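**Student:** Structure provided below as structure tokens; questions to follow.
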Amino acid sequence: MTQLALVIDLNVCVGCHACVTSCKEWNTSGEAGAMSDFRPYDADPTGTFFNRVQTFEVGEFPNTETVHFPKSCLHCEEPPCVPVCPTGASYKRKEDGIVLVDYDKCIGCKYCSWACPYGAREIDEKQKVMKKCTLCVDRIYDKTLPERDRKPACVMACPTSARLFGDIHDPESEVSKAIREQGGYALMPEWGTHPANHYLPRRKTQLRIHEDELVRADNPLKIDGKLPKPAKQEPSLDDVTSW
Amino acid sequence: MHPAFSVIFLTTLLGVGQGLFLALYTGQLYAFFDLLPAQGNRSFYAAGSAIALIFLAAGLVASFFHLGHPERAWRSAAKWRTSWLSREVIVLPAFMGVVFLYGVAHWFGWHVPLLSLPGGRPVDATLILGAIGTLLCFALFVCTGMIYACLRFLQEWHTPLTVVNYILLGGASGFVLATAFAAAVAQEIAGFYAGWAAILTALAFAGRVASLLRNARLKPKSSLSTAIGIKHPRIAQKAQGAMGGSFNTREFFHGRTAFFLRQVKWLFLALVFPLPLMLIAAGAMAGSPALLLAAFGVQYLGLIAERWFFFAQANHPQNLYYQAVS
Ligand code: SF4
Ligand code: SF4
């Protein structure tokens, strides 16, 4: 079975919002129709997005760290949003695990958004249907695109390659290796939703040096002197070195 | 959560309609076992059913205001295997149909015995329809309650008390209305209904207070730490990705102060329980339909506040991601 997912590296994300704009651009131009905006150039702009980048400050001044946190539908393996949908508009695809909304069936009851603990679903207030990340299902299989472009728009746009895309059920995929080897984790594991998307933690490069690595351990008495000269018959590398 | 008036009216109006139907059928059962004077007056049950139907239909209409695409509402019966909302959508019209038939059967006096109990009591169509209606009525209460109780991360709702309270509050309001109705058209059984209305109101009080106490002690399972997966006690949001708000900031916050919430709580605690009880007592003693109708009106107003509070109090974990604009 395939489970497509994003792996987002919080160690690399610089919070530039390129994935947000790229996502909006691609998906607002799709055949499902625009993702409506209201008052986009006024004081109180609002609109529908599949992906948002949030910023958190961890710690207390002066020991703080800024974490940029891209957030979109996690394509949960046990999606609580799917069974509650009364119409079947929300569904999880068997073939690749993408959670989708059929905009022609959705009645806009918003029940699924209540059932998503991550706030990943947003209603389109013009079309009155529920919308969410589709993992760019309309581009990742598009044979008219060159192979290297068959990735979600956000992944293509990320200037720091903080977003990886692939099948997390294939142990040899780039995403599975990243999760395995770089401590990938899921959000709110307490609800048993098993999100497919994972996040890679902030990491610091550290070198641990022990005290005894700073002084010569093979000269414990700190006496520099001539080493005893080996006897003539003993083996040696050359005339100046002894074992 | 943001309390939507469409859902507040939907749940409270359905509760009244269901409770009123249960009251009618309870009265009929008592009369059947000769515990109450029988209502020869055929319009009592028929008119009562009509009033119940009006409330149910009003609730149904209110529900359409909640939908983005009401013209597609028929699709919502599709997923009854998994969705409580879908089950409600099926049970509600079925229940309304049976209430309609129940009223019709009384109006046209379909009293031909269809079967008889061991004691030789004849069972007619109205009794059978009423029994089916009662089953559907409880099924509807369970569906409505489970829509909220099944969402496990809305911890304030995820408890059997949610379903119990929907039953008790709906039942109480329906019996209070039945008391006023009986006082107006069938004085001799008004006392019976007043008694049950008082008992149900008291039970509902116990159930609602139990859920308030439970919710006051809840510990949220999610924290900002689990939400973004960073183990640190001090995390502060600096940006939520939008300056002008979004669906997430509108749908999941009530937008009122904690003080306002407390006021609503005290308001509904007063309006739903002690005030109607006093009015019922006064009305039943004076035999005054007006006082009893006032009891119903006060309690219904209180139920609107109660339902508002029910939604506002539920704290959705997604709110963790929407703590600060910038
Ligand atoms: S993140 Fe939310 S919307 Fe996406 S699959 Fe999980 S529960 Fe459903
Ligand atoms: S809003 Fe649409 S997708 Fe969500 S539960 Fe309702 S019908 Fe299903």
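Here, A, B, ... name the chains of the structure tokens in the order displayed, residue numbers run from 1 inside each chain, and ligands are numbered from 1 in the same displayed order.
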Write down as an mmCIF file with C-alpha atoms, in the first residue's frame the residues belonging to segment 141-208 of chain A that are assigned strand (DSSP E or B) by DSSP computed on the backbone.
**Tutor:**
```cif
data_model
loop_
_atom_site.group_PDB
_atom_site.id
_atom_site.type_symbol
_atom_site.label_atom_id
_atom_site.label_comp_id
_atom_site.auth_asym_id
_atom_site.auth_seq_id
_atom_site.Cartn_x
_atom_site.Cartn_y
_atom_site.Cartn_z
ATOM 1 C CA ARG A 163 9.692 19.849 2.206
ATOM 2 C CA LEU A 164 10.150 16.264 1.118
ATOM 3 C CA PHE A 165 7.459 14.312 -0.695
ATOM 4 C CA GLY A 166 7.071 10.583 -1.089
ATOM 5 C CA ASP A 167 5.609 7.291 0.048
ATOM 6 C CA TYR A 185 7.610 12.784 14.416
ATOM 7 C CA HIS A 198 5.833 14.033 9.570
ATOM 8 C CA TYR A 199 8.041 16.790 10.867
ATOM 9 C CA LEU A 200 11.785 16.675 11.339
#
```
**Student:** Do me a favour and pick out the residues of chain A within 8 Å of chain B, using only C-alpha atoms, as an MDAnalysis selection string.
**Tutor:** chainID A and resid 43:48 52:60 69 83:88 105:109 114:119 122:123 128:129 185:191 201
**Student:** Using the selection just defined, write its residues with N, CA and C atoms as a compact mmCIF listing (two decimals), in the first residue's frame.
**Tutor:**
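The resulting out-v4.txt:
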```
# COMPACT_ATOMS: atom_id res chain seq x y z
N ALA A 43 -8.42 46.25 4.76
CA ALA A 43 -7.86 46.18 6.11
C ALA A 43 -8.00 44.78 6.71
N ASP A 44 -9.02 44.06 6.30
CA ASP A 44 -9.36 42.84 7.00
C ASP A 44 -9.41 41.66 6.03
N PRO A 45 -8.29 41.36 5.39
CA PRO A 45 -8.33 40.34 4.34
C PRO A 45 -8.51 38.94 4.90
N THR A 46 -9.22 38.13 4.16
CA THR A 46 -9.35 36.73 4.59
C THR A 46 -9.58 35.88 3.36
N GLY A 47 -9.33 34.61 3.48
CA GLY A 47 -9.49 33.75 2.32
C GLY A 47 -9.19 32.30 2.64
N THR A 48 -9.32 31.47 1.64
CA THR A 48 -9.14 30.03 1.81
C THR A 48 -7.71 29.63 1.46
N ARG A 52 -0.56 26.91 5.57
CA ARG A 52 -0.19 28.17 6.21
C ARG A 52 1.11 27.96 6.95
N VAL A 53 1.92 29.01 7.03
CA VAL A 53 3.16 28.91 7.79
C VAL A 53 3.00 29.75 9.05
N GLN A 54 3.15 29.12 10.17
CA GLN A 54 3.02 29.82 11.44
C GLN A 54 4.39 29.96 12.09
N THR A 55 4.48 30.86 13.03
CA THR A 55 5.77 31.08 13.69
C THR A 55 5.58 31.01 15.20
N PHE A 56 6.47 30.28 15.82
CA PHE A 56 6.41 30.13 17.27
C PHE A 56 7.77 30.51 17.86
N GLU A 57 7.71 31.03 19.07
CA GLU A 57 8.94 31.32 19.78
C GLU A 57 9.04 30.35 20.94
N VAL A 58 10.12 29.61 20.97
CA VAL A 58 10.30 28.60 22.00
C VAL A 58 11.32 29.12 23.00
N GLY A 59 10.97 29.05 24.27
CA GLY A 59 11.89 29.49 25.31
C GLY A 59 11.62 30.91 25.72
N GLU A 60 12.50 31.40 26.59
CA GLU A 60 12.29 32.74 27.14
C GLU A 60 13.54 33.56 26.89
N PHE A 69 6.65 27.03 11.22
CA PHE A 69 5.90 25.78 11.26
C PHE A 69 4.85 25.74 10.16
N PRO A 83 -14.90 9.46 8.57
CA PRO A 83 -16.13 8.74 8.91
C PRO A 83 -17.29 9.64 9.31
N VAL A 84 -17.02 10.85 9.80
CA VAL A 84 -18.12 11.70 10.26
C VAL A 84 -18.87 12.36 9.10
N CYS A 85 -18.27 12.39 7.93
CA CYS A 85 -18.90 13.09 6.81
C CYS A 85 -20.18 12.36 6.40
N PRO A 86 -21.33 13.04 6.45
CA PRO A 86 -22.59 12.34 6.18
C PRO A 86 -22.80 12.00 4.71
N THR A 87 -22.11 12.70 3.82
CA THR A 87 -22.39 12.50 2.40
C THR A 87 -21.39 11.60 1.71
N GLY A 88 -20.27 11.34 2.36
CA GLY A 88 -19.21 10.62 1.68
C GLY A 88 -18.36 11.53 0.82
N LYS A 105 -20.10 16.81 -3.99
CA LYS A 105 -20.99 16.13 -3.06
C LYS A 105 -21.12 16.88 -1.74
N CYS A 106 -20.11 17.69 -1.41
CA CYS A 106 -20.06 18.34 -0.09
C CYS A 106 -21.27 19.26 0.08
N ILE A 107 -21.92 19.16 1.25
CA ILE A 107 -23.07 20.04 1.52
C ILE A 107 -22.66 21.21 2.40
N GLY A 108 -21.38 21.29 2.75
CA GLY A 108 -20.91 22.42 3.54
C GLY A 108 -21.42 22.43 4.96
N CYS A 109 -21.53 21.24 5.58
CA CYS A 109 -22.04 21.18 6.95
C CYS A 109 -20.94 21.43 7.98
N TRP A 114 -14.84 20.10 12.30
CA TRP A 114 -14.90 19.92 13.76
C TRP A 114 -14.14 18.66 14.15
N ALA A 115 -14.13 17.69 13.25
CA ALA A 115 -13.54 16.40 13.59
C ALA A 115 -12.05 16.33 13.28
N CYS A 116 -11.46 17.40 12.78
CA CYS A 116 -10.02 17.41 12.55
C CYS A 116 -9.34 18.16 13.68
N PRO A 117 -8.51 17.48 14.48
CA PRO A 117 -7.91 18.18 15.62
C PRO A 117 -6.88 19.24 15.21
N TYR A 118 -6.46 19.20 13.94
CA TYR A 118 -5.37 20.09 13.52
C TYR A 118 -5.85 21.37 12.86
N GLY A 119 -7.15 21.52 12.67
CA GLY A 119 -7.63 22.72 11.98
C GLY A 119 -7.10 22.79 10.57
N GLU A 122 -10.59 24.12 5.76
CA GLU A 122 -11.17 25.46 5.75
C GLU A 122 -12.32 25.47 4.74
N ILE A 123 -13.44 26.07 5.17
CA ILE A 123 -14.54 26.13 4.23
C ILE A 123 -14.29 27.27 3.25
N LYS A 128 -18.92 27.55 -0.68
CA LYS A 128 -19.65 26.88 0.40
C LYS A 128 -19.37 25.38 0.45
N VAL A 129 -18.14 25.02 0.13
CA VAL A 129 -17.76 23.63 0.30
C VAL A 129 -16.46 23.58 1.09
N TYR A 185 8.67 13.02 13.44
CA TYR A 185 7.61 12.78 14.42
C TYR A 185 6.27 13.26 13.88
N ALA A 186 5.19 12.80 14.53
CA ALA A 186 3.83 13.17 14.12
C ALA A 186 3.26 14.18 15.11
N LEU A 187 2.30 14.98 14.64
CA LEU A 187 1.68 15.99 15.51
C LEU A 187 0.55 15.37 16.32
N MET A 188 0.40 15.82 17.55
CA MET A 188 -0.67 15.38 18.46
C MET A 188 -0.87 13.87 18.39
N PRO A 189 0.15 13.12 18.74
CA PRO A 189 0.01 11.66 18.67
C PRO A 189 -1.06 11.15 19.62
N GLU A 190 -1.47 11.98 20.59
CA GLU A 190 -2.41 11.52 21.62
C GLU A 190 -3.79 11.19 21.07
N TRP A 191 -4.11 11.60 19.85
CA TRP A 191 -5.46 11.33 19.34
C TRP A 191 -5.51 10.12 18.41
N PRO A 201 12.68 17.36 13.48
CA PRO A 201 12.89 18.34 14.56
C PRO A 201 14.04 19.30 14.26
```
**Student:** Nearest to Gly171 of chain B among B:Leu261, B:Leu203, B:Leu292, B:Ala305, with distances taken over only C-alpha atoms: which residue is it?
**Tutor:** B:Leu203
**Student:** For ligand 1, collect every residue having any atom at a distance of at most 8 Å from a ligand atom (counting only C-alpha atoms and all ligand atoms); output as a ChimeraX atom specification.
**Tutor:** /A:72-82,99,112-113,115-121,132-133,193,195
**Student:** Counting only C-alpha atoms, what is within 8 Å of Thr12 of chain B, bar same-chain residues fewer than 4 positions away, as a ChimeraX atom specification?
**Tutor:** /B:8,16,59,170,300,303-304,307
**Student:** Quick one: residues within 8 Å of Val20 of chain A, only C-alpha atoms, excluding same-chain residues fewer than 2 positions away - as a list in words?
**Tutor:**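 Skipping anything fewer than 2 positions along the chain leaves His17, Ala18, Ser22, Cys23, Lys24, Phe49, Phe50, Asn51, Arg52, Val53 and Cys154 of chain A.
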**Student:** Please identify the helix (DSSP H, G or I) residues within segment 15-75 of chain A (assignment by DSSP from backbone atoms) and present them as number ranges by chain.
**Tutor:** A: 18-28
**Student:** What gap, in Å, lies between atom CA of Phe253 of chain B and atom CA of Thr11 of chain B?
**Tutor:**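 It comes out at 19.9 Å.
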**Student:** As a list in words, please: the residues near Val101 of chain A (cut-off 8 Å, only C-alpha atoms, same-chain neighbours under 4 positions excluded).
**Tutor:**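 The neighbour list is Ala89, Ser90, Tyr91, Cys106, Met130, Lys131 and Lys132 of chain A.
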**Student:** Atom CA of Leu56 of chain B and atom CA of Pro93 of chain B, how far apart in Å?
**Tutor:**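 Taking atom CA of Pro93 of chain B as the start and atom CA of Leu56 of chain B as the end point, the length is 9.2 Å.
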**Student:** Which of these, A:Ala153, A:Leu100, A:Leu207, A:Ala178, has the shortest distance to ligand 2 once you count only C-alpha atoms and all ligand atoms?
**Tutor:** A:Leu100
